[in-house]
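Note sheet for the following structure.
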Amino acid sequence: MWWSIWWVWIVGALLLAILEVVAPAQIFLGFALGAAGVGAALLIGVPGLASSTPLMLLTFAVLSLIAWLVLRPLMGIRKGQVKHFEHDINED
């Protein structure tokens, strides 16, 4: 069960963080934080997490969703912010 080893989740988190830098879509960072959270939980030995794959995946999904919901207002378009275009490149 390689997915129940803590360092596999940390490596996955690092790969997702690198993917966020390469393709800045502001979504991979939430998944990276979720994977890091599961890796940290496995490292400290949260009871029952390592023995239950569905619980591990549910923890990853919940942590990723929470991270995305927290990061979205911080990194996305702010409320009331609108993009205005003064010039259309197709008009010339």
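Every chain in the structure tokens has a letter given in the order shown (A, B, ...), and although residue numbers restart at 1 in each chain, ligands are simply numbered from 1 in the order shown.
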### Query
Near A:Leu16, within 12 Å and counting only C-alpha atoms, which residues show up once chain neighbours fewer than 5 positions away are dropped, as a list of chain:residue names?
A:Trp9, A:Ile10, A:Val11, A:Val21, A:Val22, A:Ala23, A:Pro24, A:Ala25, A:Gln26, A:Ile27, A:Phe28, A:Leu29, A:Gly30, A:Phe31, A:Ala32, A:Leu33, A:Gly34, A:Ala35, A:Ala36, A:Ser64
Those residues you just picked out, can you put them in a file as a tab-separated table (two decimals), in the first residue's frame with N, CA and C atoms?
```
chain	number	residue	atom	x	y	z
A	9	TRP	N	2.75	11.15	-0.24
A	9	TRP	CA	1.83	12.29	-0.29
A	9	TRP	C	2.60	13.61	-0.34
A	10	ILE	N	3.72	13.71	0.37
A	10	ILE	CA	4.53	14.93	0.35
A	10	ILE	C	5.15	15.14	-1.02
A	11	VAL	N	5.65	14.08	-1.63
A	11	VAL	CA	6.20	14.18	-2.99
A	11	VAL	C	5.09	14.59	-3.97
A	21	VAL	N	3.13	26.20	-10.53
A	21	VAL	CA	4.05	27.24	-11.01
A	21	VAL	C	4.15	27.19	-12.53
A	22	VAL	N	4.17	26.01	-13.10
A	22	VAL	CA	4.30	25.85	-14.55
A	22	VAL	C	3.01	26.26	-15.26
A	23	ALA	N	1.88	25.85	-14.72
A	23	ALA	CA	0.58	26.17	-15.33
A	23	ALA	C	-0.29	26.87	-14.28
A	24	PRO	N	-0.11	28.19	-14.13
A	24	PRO	CA	-0.81	28.90	-13.05
A	24	PRO	C	-2.32	28.98	-13.29
A	25	ALA	N	-3.03	28.02	-12.76
A	25	ALA	CA	-4.48	28.00	-12.91
A	25	ALA	C	-5.16	28.22	-11.56
A	26	GLN	N	-4.38	28.35	-10.50
A	26	GLN	CA	-4.85	28.56	-9.14
A	26	GLN	C	-5.77	27.43	-8.67
A	27	ILE	N	-5.54	26.24	-9.14
A	27	ILE	CA	-6.30	25.09	-8.66
A	27	ILE	C	-5.39	24.00	-8.15
A	28	PHE	N	-4.21	23.87	-8.72
A	28	PHE	CA	-3.29	22.82	-8.30
A	28	PHE	C	-2.74	23.09	-6.91
A	29	LEU	N	-2.69	24.36	-6.50
A	29	LEU	CA	-2.19	24.69	-5.17
A	29	LEU	C	-3.10	24.13	-4.08
A	30	GLY	N	-4.40	24.15	-4.30
A	30	GLY	CA	-5.33	23.56	-3.34
A	30	GLY	C	-5.13	22.06	-3.22
A	31	PHE	N	-4.92	21.40	-4.34
A	31	PHE	CA	-4.64	19.96	-4.31
A	31	PHE	C	-3.30	19.69	-3.62
A	32	ALA	N	-2.31	20.55	-3.85
A	32	ALA	CA	-1.00	20.39	-3.21
A	32	ALA	C	-1.13	20.52	-1.69
A	33	LEU	N	-1.91	21.49	-1.24
A	33	LEU	CA	-2.10	21.65	0.20
A	33	LEU	C	-2.88	20.48	0.80
A	34	GLY	N	-3.85	19.95	0.06
A	34	GLY	CA	-4.57	18.78	0.52
A	34	GLY	C	-3.67	17.56	0.65
A	35	ALA	N	-2.81	17.36	-0.34
A	35	ALA	CA	-1.88	16.23	-0.29
A	35	ALA	C	-0.86	16.42	0.83
A	36	ALA	N	-0.41	17.65	1.04
A	36	ALA	CA	0.52	17.91	2.14
A	36	ALA	C	-0.15	17.67	3.49
A	64	SER	N	-8.38	19.60	0.33
A	64	SER	CA	-8.20	20.31	-0.94
A	64	SER	C	-9.31	21.32	-1.16
```
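Coordinates place atom CA of A:Trp68 at a distance of 16.9 Å from atom CA of A:Gly12.
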